[in-house]
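Asker: Contents of entry.cif (mmCIF, C-alpha atoms) are given next:
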data_run
#
loop_
_atom_site.label_atom_id
_atom_site.label_comp_id
_atom_site.auth_asym_id
_atom_site.auth_seq_id
_atom_site.Cartn_x
_atom_site.Cartn_y
_atom_site.Cartn_z
CA MET W 77 134.36 55.81 90.81
CA THR W 78 135.34 58.35 93.47
CA ARG W 79 134.44 61.20 91.14
CA LEU W 80 131.03 59.65 90.39
CA ARG W 81 130.32 59.30 94.10
CA ALA W 82 131.30 62.92 94.64
CA LEU W 83 128.98 64.06 91.83
CA GLY W 84 126.20 61.91 93.26
CA ALA W 85 126.61 63.52 96.67
CA LEU W 86 126.55 67.05 95.22
CA PRO W 87 122.74 67.38 95.04
CA THR W 88 122.45 66.20 98.65
CA PHE W 89 125.07 68.74 99.71
CA VAL W 90 123.24 71.55 97.88
CA LEU W 91 119.94 70.57 99.54
CA LEU W 92 121.59 70.54 102.96
CA VAL W 93 123.07 73.98 102.38
CA GLY W 94 119.67 75.27 101.24
CA ALA W 95 117.96 73.75 104.28
CA ALA W 96 120.54 75.30 106.61
CA TYR W 97 120.07 78.68 104.91
CA CYS W 98 116.29 78.50 105.43
CA LEU W 99 116.39 77.11 108.96
CA LEU W 100 119.12 79.36 110.35
CA PRO W 101 116.82 82.40 110.86
CA VAL W 102 114.23 80.15 112.51
CA ALA W 103 116.86 78.75 114.84
CA TRP W 104 118.01 82.28 115.70
CA VAL W 105 114.43 83.34 116.56
CA VAL W 106 114.00 80.31 118.81
CA VAL W 107 117.26 81.00 120.65
CA ALA W 108 116.80 84.78 120.80
CA SER W 109 113.31 84.43 122.29
CA THR W 110 114.83 82.69 125.33
CA LYS W 111 117.10 85.63 126.14
CA SER W 112 116.43 88.77 128.12
CA SER W 113 116.85 92.21 126.56
CA GLY W 114 120.35 92.55 127.99
CA GLU W 115 121.42 89.12 126.78
CA LEU W 116 119.93 89.69 123.33
CA PHE W 117 122.20 92.63 122.59
CA ALA W 118 125.20 91.60 124.71
CA THR W 119 125.77 88.14 123.24
CA SER W 120 125.77 86.76 119.71
CA THR W 121 126.03 83.06 120.47
CA PHE W 122 123.41 80.39 119.83
CA ALA W 123 123.45 79.36 123.49
CA PRO W 124 119.83 79.54 124.74
CA GLY W 125 118.84 81.65 127.73
CA THR W 126 116.32 81.08 130.48
CA SER W 127 114.01 84.08 130.00
CA LEU W 128 111.40 82.60 127.66
CA PRO W 129 108.60 82.33 130.29
CA ALA W 130 109.33 85.86 131.50
CA ASN W 131 109.36 87.16 127.92
CA ILE W 132 106.01 85.52 127.13
CA ALA W 133 104.52 86.97 130.34
CA GLU W 134 105.84 90.42 129.45
CA LEU W 135 104.46 90.12 125.91
CA SER W 136 101.06 89.08 127.29
CA ALA W 137 101.05 92.07 129.63
CA TYR W 138 101.97 94.56 126.89
CA ARG W 139 99.03 96.97 126.59
CA ASP W 140 96.62 94.55 128.28
CA GLY W 141 97.29 91.63 125.96
CA LEU W 142 97.29 93.52 122.67
CA PHE W 143 99.49 90.86 121.05
CA TRP W 144 96.83 88.19 121.54
CA SER W 145 94.31 90.50 119.89
CA TRP W 146 96.67 90.74 116.93
CA LEU W 147 96.97 86.96 116.83
CA ALA W 148 93.18 86.55 117.01
CA ASN W 149 92.76 89.08 114.20
CA SER W 150 95.21 87.14 112.02
CA ALA W 151 93.30 83.93 112.75
CA LEU W 152 90.06 85.67 111.73
CA TYR W 153 91.46 87.21 108.56
CA ALA W 154 93.34 84.09 107.47
CA GLY W 155 90.87 81.45 108.64
CA LEU W 156 87.65 83.00 107.36
CA GLY W 157 89.31 84.49 104.29
CA ALA W 158 90.92 81.20 103.28
CA LEU W 159 87.69 79.27 103.91
CA LEU W 160 85.62 81.63 101.75
CA SER W 161 88.37 81.70 99.13
CA ALA W 162 88.52 77.90 98.95
CA ALA W 163 84.72 77.70 98.60
CA LEU W 164 84.63 80.36 95.88
CA SER W 165 87.61 78.83 94.08
CA GLY W 166 86.01 75.37 94.18
CA VAL W 167 82.70 76.48 92.70
CA THR W 168 84.34 78.72 90.09
CA GLY W 169 86.96 76.14 89.14
CA TYR W 170 84.31 73.45 88.75
CA ALA W 171 82.19 75.71 86.55
CA LEU W 172 85.15 76.60 84.34
CA ALA W 173 86.21 72.95 84.04
CA LYS W 174 82.88 71.23 83.45
CA PHE W 175 80.51 73.72 81.83
CA ALA W 176 80.79 75.00 78.28
CA PHE W 177 79.64 78.61 77.93
CA ARG W 178 80.54 81.61 75.86
CA GLY W 179 83.56 83.50 77.22
CA ARG W 180 84.91 80.61 79.31
CA THR W 181 88.34 80.75 77.68
CA LEU W 182 88.49 84.53 78.09
CA ILE W 183 87.62 84.27 81.78
CA PHE W 184 90.22 81.58 82.38
CA ASN W 185 92.90 83.53 80.51
CA SER W 186 92.03 86.61 82.57
CA LEU W 187 92.54 84.55 85.73
CA ILE W 188 95.94 83.44 84.47
CA ALA W 189 96.81 87.09 83.88
CA GLY W 190 95.62 87.87 87.41
CA VAL W 191 98.04 85.31 88.82
CA LEU W 192 100.92 87.23 87.23
CA VAL W 193 99.93 90.61 88.72
CA PRO W 194 101.86 91.38 91.95
CA ALA W 195 99.73 92.12 95.00
CA VAL W 196 101.52 95.44 95.52
CA VAL W 197 100.13 96.70 92.20
CA LEU W 198 96.56 96.02 93.36
CA ALA W 199 96.93 97.49 96.85
CA ILE W 200 96.22 101.13 95.98
CA PRO W 201 93.22 100.39 93.66
CA GLN W 202 91.80 98.13 96.37
CA TYR W 203 92.18 100.89 98.93
CA LEU W 204 90.40 103.40 96.67
CA LEU W 205 87.52 100.98 96.06
CA ILE W 206 87.18 100.11 99.75
CA SER W 207 87.34 103.80 100.62
CA LYS W 208 84.52 104.57 98.18
CA VAL W 209 82.14 102.26 100.09
CA GLY W 210 83.33 103.49 103.49
CA LEU W 211 84.89 100.25 104.73
CA THR W 212 88.42 101.46 105.45
CA ASP W 213 89.72 100.71 108.95
CA THR W 214 87.27 97.82 109.33
CA TYR W 215 87.75 94.06 109.43
CA LEU W 216 86.01 93.79 106.06
CA SER W 217 88.63 96.02 104.42
CA VAL W 218 91.18 93.25 104.91
CA LEU W 219 88.84 90.28 104.63
CA VAL W 220 86.98 91.10 101.41
CA PRO W 221 90.03 91.53 99.11
CA SER W 222 91.43 88.24 100.46
CA VAL W 223 88.47 86.14 99.34
CA LEU W 224 89.16 86.25 95.60
CA SER W 225 92.29 84.31 94.66
CA PRO W 226 93.04 83.93 90.92
CA TYR W 227 95.67 81.32 91.72
CA GLY W 228 93.19 79.39 93.88
CA ILE W 229 90.61 79.39 91.09
CA TYR W 230 93.28 78.23 88.64
CA LEU W 231 94.25 75.33 90.91
CA ALA W 232 90.61 74.38 91.49
CA ARG W 233 89.89 74.43 87.78
CA ILE W 234 92.85 72.16 87.02
CA TYR W 235 91.96 69.80 89.86
CA ALA W 236 88.27 69.64 88.90
CA ALA W 237 89.16 68.78 85.30
CA ALA W 238 91.42 65.95 86.48
CA SER W 239 89.49 64.49 89.45
CA VAL W 240 85.79 64.81 88.53
CA PRO W 241 84.93 62.35 85.72
CA ASP W 242 82.28 63.45 83.24
CA ASP W 243 80.73 59.95 83.30
CA ILE W 244 79.87 60.25 86.99
CA LEU W 245 78.28 63.66 86.47
CA GLU W 246 76.19 62.43 83.57
CA ALA W 247 75.10 59.34 85.53
CA ALA W 248 74.03 61.49 88.47
CA ARG W 249 72.08 63.84 86.19
CA THR W 250 70.40 60.83 84.57
CA ASP W 251 69.32 59.63 88.03
CA GLY W 252 67.65 62.98 88.62
CA ALA W 253 70.25 64.82 90.69
CA GLY W 254 70.06 68.58 90.39
CA GLU W 255 73.12 70.77 89.97
CA THR W 256 73.11 71.90 93.60
CA ARG W 257 72.94 68.35 94.94
CA LEU W 258 75.52 67.29 92.38
CA LEU W 259 77.88 69.97 93.61
CA TRP W 260 77.49 69.22 97.33
CA SER W 261 77.24 65.43 97.22
CA ILE W 262 79.66 64.47 94.44
CA VAL W 263 81.86 67.28 93.18
CA LEU W 264 83.07 68.89 96.41
CA PRO W 265 83.99 65.57 98.10
CA MET W 266 86.01 64.63 95.02
CA MET W 267 87.72 68.02 95.01
CA ALA W 268 88.41 68.04 98.77
CA PRO W 269 92.21 67.47 98.55
CA GLY W 270 92.55 70.25 95.98
CA LEU W 271 90.41 72.62 98.05
CA VAL W 272 92.51 71.85 101.13
CA THR W 273 95.55 72.89 99.12
CA VAL W 274 93.85 76.13 98.08
CA PHE W 275 92.87 76.75 101.71
CA LEU W 276 96.43 76.20 102.90
CA PHE W 277 98.02 78.47 100.28
CA GLN W 278 95.49 81.23 100.90
CA PHE W 279 95.73 80.91 104.70
CA VAL W 280 99.51 81.33 104.61
CA SER W 281 99.23 84.20 102.12
CA ILE W 282 96.71 86.12 104.25
CA TRP W 283 98.53 85.33 107.52
CA ASN W 284 101.78 86.74 106.12
CA ASN W 285 100.15 89.68 104.36
CA PHE W 286 101.52 93.01 105.50
CA LEU W 287 100.88 95.63 102.82
CA LEU W 288 97.09 95.34 102.63
CA PRO W 289 96.46 95.74 106.41
CA PHE W 290 99.11 98.48 106.52
CA ILE W 291 97.16 100.48 103.94
CA MET W 292 93.64 99.68 105.12
CA LEU W 293 93.84 99.83 108.91
CA GLY W 294 94.50 102.65 111.35
CA ASP W 295 93.24 101.19 114.63
CA ASP W 296 95.97 99.00 116.11
CA ARG W 297 93.33 96.86 117.84
CA LYS W 298 92.39 95.55 114.38
CA PHE W 299 95.97 94.88 113.24
CA PRO W 300 97.03 91.36 112.25
CA VAL W 301 100.12 89.98 113.95
CA THR W 302 102.44 90.92 111.06
CA LEU W 303 101.54 94.61 111.28
CA GLY W 304 101.49 94.51 115.08
CA LEU W 305 105.04 93.13 115.25
CA TYR W 306 106.12 95.82 112.80
CA THR W 307 104.85 98.50 115.17
CA LEU W 308 106.76 96.84 118.02
CA LEU W 309 109.95 96.96 115.98
CA ASN W 310 109.40 100.64 115.18
CA GLN W 311 108.89 101.45 118.86
CA GLY W 312 112.02 99.45 119.65
CA ASN W 313 114.08 102.35 118.28
CA THR W 314 113.19 104.32 121.40
CA THR W 315 112.44 101.39 123.74
CA PRO W 316 114.97 98.60 123.06
CA ALA W 317 113.15 96.20 125.43
CA LEU W 318 110.39 95.92 122.82
CA TYR W 319 112.80 94.17 120.44
CA THR W 320 112.67 91.13 122.71
CA LEU W 321 108.87 91.19 122.66
CA ALA W 322 108.91 91.38 118.86
CA VAL W 323 111.21 88.34 118.66
CA VAL W 324 109.03 86.32 121.06
CA GLY W 325 105.93 87.41 119.14
CA ALA W 326 107.51 86.29 115.87
CA LEU W 327 108.16 82.86 117.37
CA ILE W 328 104.59 82.50 118.65
CA SER W 329 103.12 83.72 115.35
CA VAL W 330 104.83 80.89 113.46
CA LEU W 331 103.36 78.15 115.65
CA PRO W 332 99.80 78.26 114.16
CA LEU W 333 101.26 77.84 110.66
CA ILE W 334 103.33 74.84 111.76
CA ALA W 335 100.27 73.28 113.41
CA LEU W 336 98.20 73.88 110.27
CA PHE W 337 100.81 72.27 108.02
CA LEU W 338 101.06 69.22 110.26
CA THR W 339 97.28 68.85 110.45
CA LEU W 340 96.73 69.14 106.70
CA GLN W 341 99.66 66.83 105.98
CA ARG W 342 97.87 64.19 108.02
CA TYR W 343 94.68 64.87 106.06
CA TRP W 344 96.47 64.46 102.75
CA ARG W 345 98.02 61.18 103.91
CA ILE W 346 94.62 59.80 104.92
CA ASP W 347 93.10 60.89 101.62
CA LEU W 348 95.85 59.25 99.60
CA LEU W 349 95.45 55.99 101.52
CA SER W 350 91.68 56.00 101.05
CA GLY W 351 92.18 56.62 97.33
CA ALA W 352 94.54 53.66 97.12
CA VAL W 353 91.99 51.42 98.85
CA LYS W 354 89.23 52.52 96.46
CA ALA W 355 91.50 51.86 93.51
#
Just give me the structure as structure tokens.

Answerer:
Amino acid sequence: MTRLRALGALPTFVLLVGAAYCLLPVAWVVVASTKSSGELFATSTFAPGTSLPANIAELSAYRDGLFWSWLANSALYAGLGALLSAALSGVTGYALAKFAFRGRTLIFNSLIAGVLVPAVVLAIPQYLLISKVGLTDTYLSVLVPSVLSPYGIYLARIYAAASVPDDILEAARTDGAGETRLLWSIVLPMMAPGLVTVFLFQFVSIWNNFLLPFIMLGDDRKFPVTLGLYTLLNQGNTTPALYTLAVVGALISVLPLIALFLTLQRYWRIDLLSGAVKA
């Protein structure tokens, strides 16, 4: 009996160890952001300091608030890119799931192959294409490649096949609804939870993207927060005080993602409850 209890507790222990492994860096960032530059390098304890307000003020004053420009750029790239990506994925996924046309299987298989291709492999070809049309070092050079998401289209296609009944579509067409009205009034509301998932995945992917902005952008006023913090770390080799600003910036840059997860979690909960009521 004791051995069975020990085996039953093993998965819980493994999960706790995994959670601690994932949360330990986050805890360090939170604690380190409260310390001054001297405390950050002089102590290695998890005891918090009292310099968080001063660090935030110093970060805000760095080059006339350049960090907040980086944060706004990330919000633009991730927010608009994820919104356009979710819309494109929804329409494309619906078409692949509900319309029979020549080449549909080939297109879907190509999307599956696109999911397996690492982003680093596509970075250089994307740069060459963007350079050909003269869009390098512009906001569009980061935004345009972020709109198309093979994985998002794959998810939307699977969700459309499962959540949009053919009987409802045929009934709406019989009542005289056109394809555009059908898409806006029936299909997209049914696919909303799946599209929210696509939006979330793409938002996080674009927000955390480093390689694409690193290749495309030269003007640091257009940098996203990931690339901006990287430049702070590089300058920290000669100016150690900038390490503290990079740590505080890393903490602040995580907060929008946490807020987004909490907001969308609430949306999913409401949607599940409404689905249960309809059932």

Asker: So, with all atoms listed in the file as the atoms that count, which of W:Leu331, W:Val106, W:Leu224, W:Leu187 lies closest to Trp283 of chain W?

Answerer: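 Using all atoms listed in the file, the shortest distance to Trp283 of chain W belongs to W:Leu331.
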
Asker: In Å, with one decimal, what is the gap from atom CA of Asp243 of chain W to atom CA of Asn185 of chain W?

Answerer: 26.7 Å

Asker: Rounded to one decimal, what separation in Å do you get between atom CA of Leu271 of chain W and atom CA of Leu160 of chain W?

Answerer: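 Going from atom CA of Leu271 of chain W over to atom CA of Leu160 of chain W covers 10.9 Å.
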
Asker: So what does the PyMOL selection byres ((chain W and resi 238) around 12) actually pick up in this one, as an MDAnalysis selection string?

Answerer: chainID W and resid 169:170 173:174 231:237 239:242 263 266:267 270

Asker: From the list W:Leu159, W:Lys111, W:Thr273, W:Ala123, which residue is nearest Gln341 of chain W when using all atoms listed in the file?

Answerer: W:Thr273

Asker: Work out how far atom CA of Ile244 of chain W is from atom CA of Ile188 of chain W, in Å to one decimal.

Answerer: 28.3 Å

Asker: Using all atoms listed in the file, find each residue of segment 270-343 of chain W with at least one atom at most 8 Å away from an atom of segment 131-147 of chain W; report its shortest atom-to-atom pair and that distance in Å (one decimal), sort the rows by chain and rising residue number, and return the result as CSV.

Answerer:
residue,atom,partner,partner_atom,distance
W:Arg297,CA,W:Ser145,CA,6.8
W:Lys298,CA,W:Trp146,CA,6.9
W:Phe299,CA,W:Trp146,CA,5.6
W:Pro300,CA,W:Trp146,CA,4.7
W:Val301,CA,W:Trp146,CA,4.6
W:Gly304,CA,W:Trp146,CA,6.4
W:Thr320,CA,W:Asn131,CA,7.3
W:Leu321,CA,W:Leu135,CA,5.6
W:Val324,CA,W:Ile132,CA,6.8
W:Gly325,CA,W:Leu135,CA,7.4
W:Ser329,CA,W:Leu147,CA,7.1

Asker: Please provide as a VMD selection string all residues within 12 Å of segment 332-338 of chain W, with the sequence filter that same-chain residues fewer than 5 positions apart are discarded (counting only C-alpha atoms).

Answerer: chain W and resid 147 to 148 150 to 151 154 to 155 272 to 273 275 to 284 301 326 to 327 343 to 345

Asker: Convert the output of the PyMOL selection byres ((chain W and resi 113) around 12) on the shown file into explicit residues, formatted as a PyMOL selection string.

Answerer: chain W and resi 108-112+114-119+125-128+130-131+134+312+315-324

Asker: Convert the output of the PyMOL selection byres ((chain W and resi 206-215) around 6) on the shown file into explicit residues, formatted as a PDB file with C-alpha atoms, keeping the file's coordinate frame.

Answerer:
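Result went into selection_35.pdb, see below:
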ATOM      1  CA  TYR W 203      92.180 100.890  98.930  1.00  0.00           C
ATOM      2  CA  LEU W 204      90.400 103.400  96.670  1.00  0.00           C
ATOM      3  CA  LEU W 205      87.520 100.980  96.060  1.00  0.00           C
ATOM      4  CA  LEU W 216      86.010  93.790 106.060  1.00  0.00           C
ATOM      5  CA  SER W 217      88.630  96.020 104.420  1.00  0.00           C
ATOM      6  CA  VAL W 218      91.180  93.250 104.910  1.00  0.00           C
ATOM      7  CA  MET W 292      93.640  99.680 105.120  1.00  0.00           C
ATOM      8  CA  LEU W 293      93.840  99.830 108.910  1.00  0.00           C
ATOM      9  CA  GLY W 294      94.500 102.650 111.350  1.00  0.00           C
TER      10      GLY W 294
END

Asker: Between W:Val105, W:Leu86, W:Ala163, W:Leu287, which has the minimum distance to Trp260 of chain W (counting all atoms listed in the file)?

Answerer: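 Of W:Val105, W:Leu86, W:Ala163, W:Leu287, the one nearest Trp260 of chain W is W:Ala163, counting all atoms listed in the file.
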
Asker: Take every atom of segment 102-120 of chain W listed in the file, fit an axis-aligned box around them, add 8 Å per side, and give the centre and edge lengths in Å to one decimal as AutoDock Vina command-line options.

Answerer:
--center_x 119.5 --center_y 85.7 --center_z 120.3 --size_x 28.5 --size_y 29.9 --size_z 31.6

Asker: Smallest atom-to-atom distance to Gly166 of chain W: which of W:Ile229, W:Cys98, W:Val93, W:Leu305, using all atoms listed in the file?

Answerer: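 Checking each of W:Ile229, W:Cys98, W:Val93, W:Leu305 against Gly166 of chain W, counting all atoms listed in the file, the winner is W:Ile229.
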